[in-house]
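**Student:** Starting off with a structure, shown below.
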Amino acid sequence: MTGGPETMAAQGIDPELLRLRESIDNFDAALIYLLAERFRCTQRVGELKARKGLPASDPGREARQITRLRNLAIDAKLDPDFAETFLAFVVKEVIRHHQTIAANLDAIKDRE
């Protein structure tokens, strides 16, 4: 999209469409910031797990989270399959980060 709302309105784009797109853009920005904060928190979890020698993944917690988020999705009238797929993507990335953190901690310990 090029130009601001005034330019697009002048080009004949429906003002309601512009307002909706602006709201979508705001939601997208909020999602990015929420994901960033979530990953900052899971980074700390990964560091704690690595220091305590805990595994990168916790299948029991992951299963409980899937159930919880599917129920939240249903309550929110969001497709629970989509919510589960989204969560699985996020969790996979978190586990990858935790494995990297643990490997880096092991490398540091090996050098000591």
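Labels for the structure tokens follow display order: chains A, B, ..., residues from 1 in each chain, ligands from 1.
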Which polymer residues have any atom within 12 Å of an atom of stretch 80-91 of chain A, counting only C-alpha atoms, with same-chain residues fewer than 6 positions away left out, as a ChimeraX atom specification?

**Tutor:** /A:35-36,38-39,42,56-59,61-74,97-98

**Student:** Name the residues in contact with A:Glu47 at a cut-off of 12 Å, using only C-alpha atoms, excluding same-chain residues fewer than 5 positions from it; report them as a list in words.

**Tutor:**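 Once the adjacent positions are removed, what remains is Arg40, Cys41, Thr42, Lys52, Gly53, Leu54, Pro55, Ala56, Val94, Ile95, His97, His98, Gln99, Thr100, Ile101, Ala102, Ala103, Asn104, Leu105 and Asp106 of chain A.
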
**Student:** Quick one: write out the picked residues with N, CA, C and O atoms as a tab-separated table (two decimals), in the first residue's frame?

**Tutor:**
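New file again_27.tsv:
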```
chain	number	residue	atom	x	y	z
A	40	ARG	N	11.03	-13.37	24.64
A	40	ARG	CA	11.96	-12.92	25.69
A	40	ARG	C	11.77	-13.76	26.96
A	40	ARG	O	12.73	-14.15	27.61
A	41	CYS	N	10.53	-14.05	27.28
A	41	CYS	CA	10.22	-14.86	28.46
A	41	CYS	C	10.69	-16.30	28.26
A	41	CYS	O	11.31	-16.89	29.15
A	42	THR	N	10.41	-16.88	27.09
A	42	THR	CA	10.83	-18.26	26.86
A	42	THR	C	12.35	-18.37	26.76
A	42	THR	O	12.91	-19.43	27.07
A	52	LYS	N	19.66	-25.91	34.89
A	52	LYS	CA	19.18	-26.99	35.75
A	52	LYS	C	19.29	-28.36	35.09
A	52	LYS	O	18.93	-29.37	35.69
A	53	GLY	N	19.75	-28.40	33.84
A	53	GLY	CA	19.88	-29.67	33.13
A	53	GLY	C	18.55	-30.27	32.71
A	53	GLY	O	18.45	-31.49	32.53
A	54	LEU	N	17.53	-29.43	32.55
A	54	LEU	CA	16.22	-29.92	32.13
A	54	LEU	C	16.14	-30.01	30.61
A	54	LEU	O	16.81	-29.26	29.90
A	55	PRO	N	15.30	-30.90	30.09
A	55	PRO	CA	15.17	-31.02	28.63
A	55	PRO	C	14.54	-29.78	28.02
A	55	PRO	O	13.79	-29.05	28.67
A	56	ALA	N	14.86	-29.57	26.73
A	56	ALA	CA	14.35	-28.39	26.02
A	56	ALA	C	12.84	-28.44	25.86
A	56	ALA	O	12.17	-27.41	25.86
A	94	VAL	N	10.43	-22.25	19.96
A	94	VAL	CA	10.90	-22.13	21.34
A	94	VAL	C	11.84	-23.29	21.68
A	94	VAL	O	12.91	-23.08	22.26
A	95	ILE	N	11.45	-24.51	21.32
A	95	ILE	CA	12.28	-25.67	21.61
A	95	ILE	C	13.62	-25.54	20.90
A	95	ILE	O	14.68	-25.84	21.47
A	97	HIS	N	15.15	-22.80	20.18
A	97	HIS	CA	15.91	-21.81	20.95
A	97	HIS	C	16.48	-22.46	22.22
A	97	HIS	O	17.63	-22.23	22.58
A	98	HIS	N	15.66	-23.25	22.90
A	98	HIS	CA	16.12	-23.89	24.14
A	98	HIS	C	17.28	-24.85	23.86
A	98	HIS	O	18.23	-24.92	24.64
A	99	GLN	N	17.21	-25.57	22.75
A	99	GLN	CA	18.30	-26.47	22.39
A	99	GLN	C	19.59	-25.69	22.12
A	99	GLN	O	20.67	-26.11	22.52
A	100	THR	N	19.45	-24.56	21.46
A	100	THR	CA	20.62	-23.72	21.18
A	100	THR	C	21.22	-23.17	22.46
A	100	THR	O	22.44	-23.19	22.65
A	101	ILE	N	20.36	-22.72	23.37
A	101	ILE	CA	20.83	-22.21	24.66
A	101	ILE	C	21.59	-23.30	25.41
A	101	ILE	O	22.68	-23.07	25.93
A	102	ALA	N	21.01	-24.51	25.46
A	102	ALA	CA	21.64	-25.62	26.17
A	102	ALA	C	22.98	-25.99	25.53
A	102	ALA	O	23.96	-26.22	26.24
A	103	ALA	N	23.02	-26.00	24.21
A	103	ALA	CA	24.28	-26.33	23.51
A	103	ALA	C	25.34	-25.28	23.80
A	103	ALA	O	26.51	-25.62	24.02
A	104	ASN	N	24.94	-24.03	23.82
A	104	ASN	CA	25.89	-22.96	24.12
A	104	ASN	C	26.38	-23.04	25.55
A	104	ASN	O	27.56	-22.83	25.82
A	105	LEU	N	25.51	-23.40	26.48
A	105	LEU	CA	25.91	-23.54	27.87
A	105	LEU	C	26.87	-24.72	28.02
A	105	LEU	O	27.88	-24.61	28.71
A	106	ASP	N	26.59	-25.81	27.32
A	106	ASP	CA	27.49	-26.97	27.35
A	106	ASP	C	28.86	-26.59	26.82
A	106	ASP	O	29.88	-27.01	27.37
```

**Student:** Could you pull out the residues in chain A that DSSP calls helix (DSSP H, G or I) from the backbone, as an NGL selection string?

**Tutor:** :A and (5-10 or 15-52 or 59-75 or 80-111)

**Student:** Any chance you could export the current selection's C-alpha atoms as a PDB file, in the first residue's frame?

**Tutor:**
```pdb
ATOM      1  CA  PRO A   5      -5.244   7.120   4.119  1.00  0.00           C
ATOM      2  CA  GLU A   6      -5.929  10.543   2.610  1.00  0.00           C
ATOM      3  CA  THR A   7      -4.164   9.576  -0.630  1.00  0.00           C
ATOM      4  CA  MET A   8      -6.024   6.282  -0.846  1.00  0.00           C
ATOM      5  CA  ALA A   9      -9.358   7.954  -0.097  1.00  0.00           C
ATOM      6  CA  ALA A  10      -8.610  10.408  -2.890  1.00  0.00           C
ATOM      7  CA  PRO A  15     -13.009   4.817   3.725  1.00  0.00           C
ATOM      8  CA  GLU A  16     -14.426   1.869   5.703  1.00  0.00           C
ATOM      9  CA  LEU A  17     -11.926  -0.428   3.979  1.00  0.00           C
ATOM     10  CA  LEU A  18      -9.160   1.981   4.953  1.00  0.00           C
ATOM     11  CA  ARG A  19     -10.308   2.034   8.589  1.00  0.00           C
ATOM     12  CA  LEU A  20     -10.478  -1.758   8.699  1.00  0.00           C
ATOM     13  CA  ARG A  21      -7.032  -2.106   7.147  1.00  0.00           C
ATOM     14  CA  GLU A  22      -5.635   0.367   9.663  1.00  0.00           C
ATOM     15  CA  SER A  23      -7.102  -1.730  12.486  1.00  0.00           C
ATOM     16  CA  ILE A  24      -5.610  -4.877  10.958  1.00  0.00           C
ATOM     17  CA  ASP A  25      -2.228  -3.155  10.753  1.00  0.00           C
ATOM     18  CA  ASN A  26      -2.519  -2.219  14.442  1.00  0.00           C
ATOM     19  CA  PHE A  27      -3.415  -5.808  15.374  1.00  0.00           C
ATOM     20  CA  ASP A  28      -0.463  -7.108  13.364  1.00  0.00           C
ATOM     21  CA  ALA A  29       1.867  -4.727  15.181  1.00  0.00           C
ATOM     22  CA  ALA A  30       0.442  -5.799  18.543  1.00  0.00           C
ATOM     23  CA  LEU A  31       0.923  -9.474  17.639  1.00  0.00           C
ATOM     24  CA  ILE A  32       4.560  -8.861  16.736  1.00  0.00           C
ATOM     25  CA  TYR A  33       5.224  -7.091  20.040  1.00  0.00           C
ATOM     26  CA  LEU A  34       3.385  -9.811  21.997  1.00  0.00           C
ATOM     27  CA  LEU A  35       5.392 -12.536  20.254  1.00  0.00           C
ATOM     28  CA  ALA A  36       8.616 -10.655  20.964  1.00  0.00           C
ATOM     29  CA  GLU A  37       7.724 -10.436  24.660  1.00  0.00           C
ATOM     30  CA  ARG A  38       6.740 -14.113  24.711  1.00  0.00           C
ATOM     31  CA  PHE A  39      10.087 -15.095  23.183  1.00  0.00           C
ATOM     32  CA  ARG A  40      11.962 -12.921  25.691  1.00  0.00           C
ATOM     33  CA  CYS A  41      10.223 -14.859  28.462  1.00  0.00           C
ATOM     34  CA  THR A  42      10.835 -18.261  26.862  1.00  0.00           C
ATOM     35  CA  GLN A  43      14.481 -17.264  26.399  1.00  0.00           C
ATOM     36  CA  ARG A  44      14.741 -16.925  30.174  1.00  0.00           C
ATOM     37  CA  VAL A  45      12.951 -20.276  30.587  1.00  0.00           C
ATOM     38  CA  GLY A  46      15.504 -21.843  28.223  1.00  0.00           C
ATOM     39  CA  GLU A  47      18.384 -20.405  30.230  1.00  0.00           C
ATOM     40  CA  LEU A  48      16.902 -21.743  33.472  1.00  0.00           C
ATOM     41  CA  LYS A  49      16.282 -25.173  31.945  1.00  0.00           C
ATOM     42  CA  ALA A  50      19.850 -25.294  30.624  1.00  0.00           C
ATOM     43  CA  ARG A  51      21.326 -24.361  34.011  1.00  0.00           C
ATOM     44  CA  LYS A  52      19.180 -26.994  35.750  1.00  0.00           C
ATOM     45  CA  PRO A  59       5.595 -32.841  26.232  1.00  0.00           C
ATOM     46  CA  GLY A  60       3.206 -32.862  29.200  1.00  0.00           C
ATOM     47  CA  ARG A  61       3.063 -29.083  29.375  1.00  0.00           C
ATOM     48  CA  GLU A  62       2.786 -28.843  25.604  1.00  0.00           C
ATOM     49  CA  ALA A  63      -0.228 -31.200  25.622  1.00  0.00           C
ATOM     50  CA  ARG A  64      -1.891 -29.198  28.406  1.00  0.00           C
ATOM     51  CA  GLN A  65      -1.259 -25.971  26.487  1.00  0.00           C
ATOM     52  CA  ILE A  66      -2.784 -27.398  23.319  1.00  0.00           C
ATOM     53  CA  THR A  67      -5.934 -28.363  25.207  1.00  0.00           C
ATOM     54  CA  ARG A  68      -6.091 -24.996  26.975  1.00  0.00           C
ATOM     55  CA  LEU A  69      -5.554 -22.956  23.812  1.00  0.00           C
ATOM     56  CA  ARG A  70      -7.998 -25.023  21.766  1.00  0.00           C
ATOM     57  CA  ASN A  71     -10.635 -24.284  24.421  1.00  0.00           C
ATOM     58  CA  LEU A  72      -9.728 -20.595  24.392  1.00  0.00           C
ATOM     59  CA  ALA A  73      -9.993 -20.587  20.598  1.00  0.00           C
ATOM     60  CA  ILE A  74     -13.449 -22.145  20.755  1.00  0.00           C
ATOM     61  CA  ASP A  75     -14.543 -19.533  23.303  1.00  0.00           C
ATOM     62  CA  PRO A  80      -9.177 -24.438  17.163  1.00  0.00           C
ATOM     63  CA  ASP A  81      -7.217 -26.294  14.473  1.00  0.00           C
ATOM     64  CA  PHE A  82      -5.685 -22.990  13.385  1.00  0.00           C
ATOM     65  CA  ALA A  83      -4.890 -22.116  17.015  1.00  0.00           C
ATOM     66  CA  GLU A  84      -3.225 -25.494  17.523  1.00  0.00           C
ATOM     67  CA  THR A  85      -1.199 -25.160  14.316  1.00  0.00           C
ATOM     68  CA  PHE A  86      -0.081 -21.679  15.332  1.00  0.00           C
ATOM     69  CA  LEU A  87       0.884 -22.877  18.821  1.00  0.00           C
ATOM     70  CA  ALA A  88       2.783 -25.844  17.375  1.00  0.00           C
ATOM     71  CA  PHE A  89       4.792 -23.474  15.175  1.00  0.00           C
ATOM     72  CA  VAL A  90       5.637 -21.222  18.132  1.00  0.00           C
ATOM     73  CA  VAL A  91       6.519 -24.145  20.422  1.00  0.00           C
ATOM     74  CA  LYS A  92       8.756 -25.691  17.765  1.00  0.00           C
ATOM     75  CA  GLU A  93      10.683 -22.419  17.540  1.00  0.00           C
ATOM     76  CA  VAL A  94      10.898 -22.130  21.343  1.00  0.00           C
ATOM     77  CA  ILE A  95      12.283 -25.674  21.614  1.00  0.00           C
ATOM     78  CA  ARG A  96      14.850 -24.865  18.930  1.00  0.00           C
ATOM     79  CA  HIS A  97      15.913 -21.811  20.954  1.00  0.00           C
ATOM     80  CA  HIS A  98      16.120 -23.894  24.138  1.00  0.00           C
ATOM     81  CA  GLN A  99      18.303 -26.470  22.395  1.00  0.00           C
ATOM     82  CA  THR A 100      20.617 -23.717  21.177  1.00  0.00           C
ATOM     83  CA  ILE A 101      20.829 -22.208  24.658  1.00  0.00           C
ATOM     84  CA  ALA A 102      21.640 -25.623  26.174  1.00  0.00           C
ATOM     85  CA  ALA A 103      24.279 -26.333  23.513  1.00  0.00           C
ATOM     86  CA  ASN A 104      25.893 -22.958  24.117  1.00  0.00           C
ATOM     87  CA  LEU A 105      25.910 -23.544  27.874  1.00  0.00           C
ATOM     88  CA  ASP A 106      27.488 -26.967  27.355  1.00  0.00           C
ATOM     89  CA  ALA A 107      30.171 -25.385  25.154  1.00  0.00           C
ATOM     90  CA  ILE A 108      30.926 -22.795  27.849  1.00  0.00           C
ATOM     91  CA  LYS A 109      31.159 -25.518  30.523  1.00  0.00           C
ATOM     92  CA  ASP A 110      33.479 -27.569  28.288  1.00  0.00           C
ATOM     93  CA  ARG A 111      35.879 -24.622  28.033  1.00  0.00           C
TER      94      ARG A 111
END
```
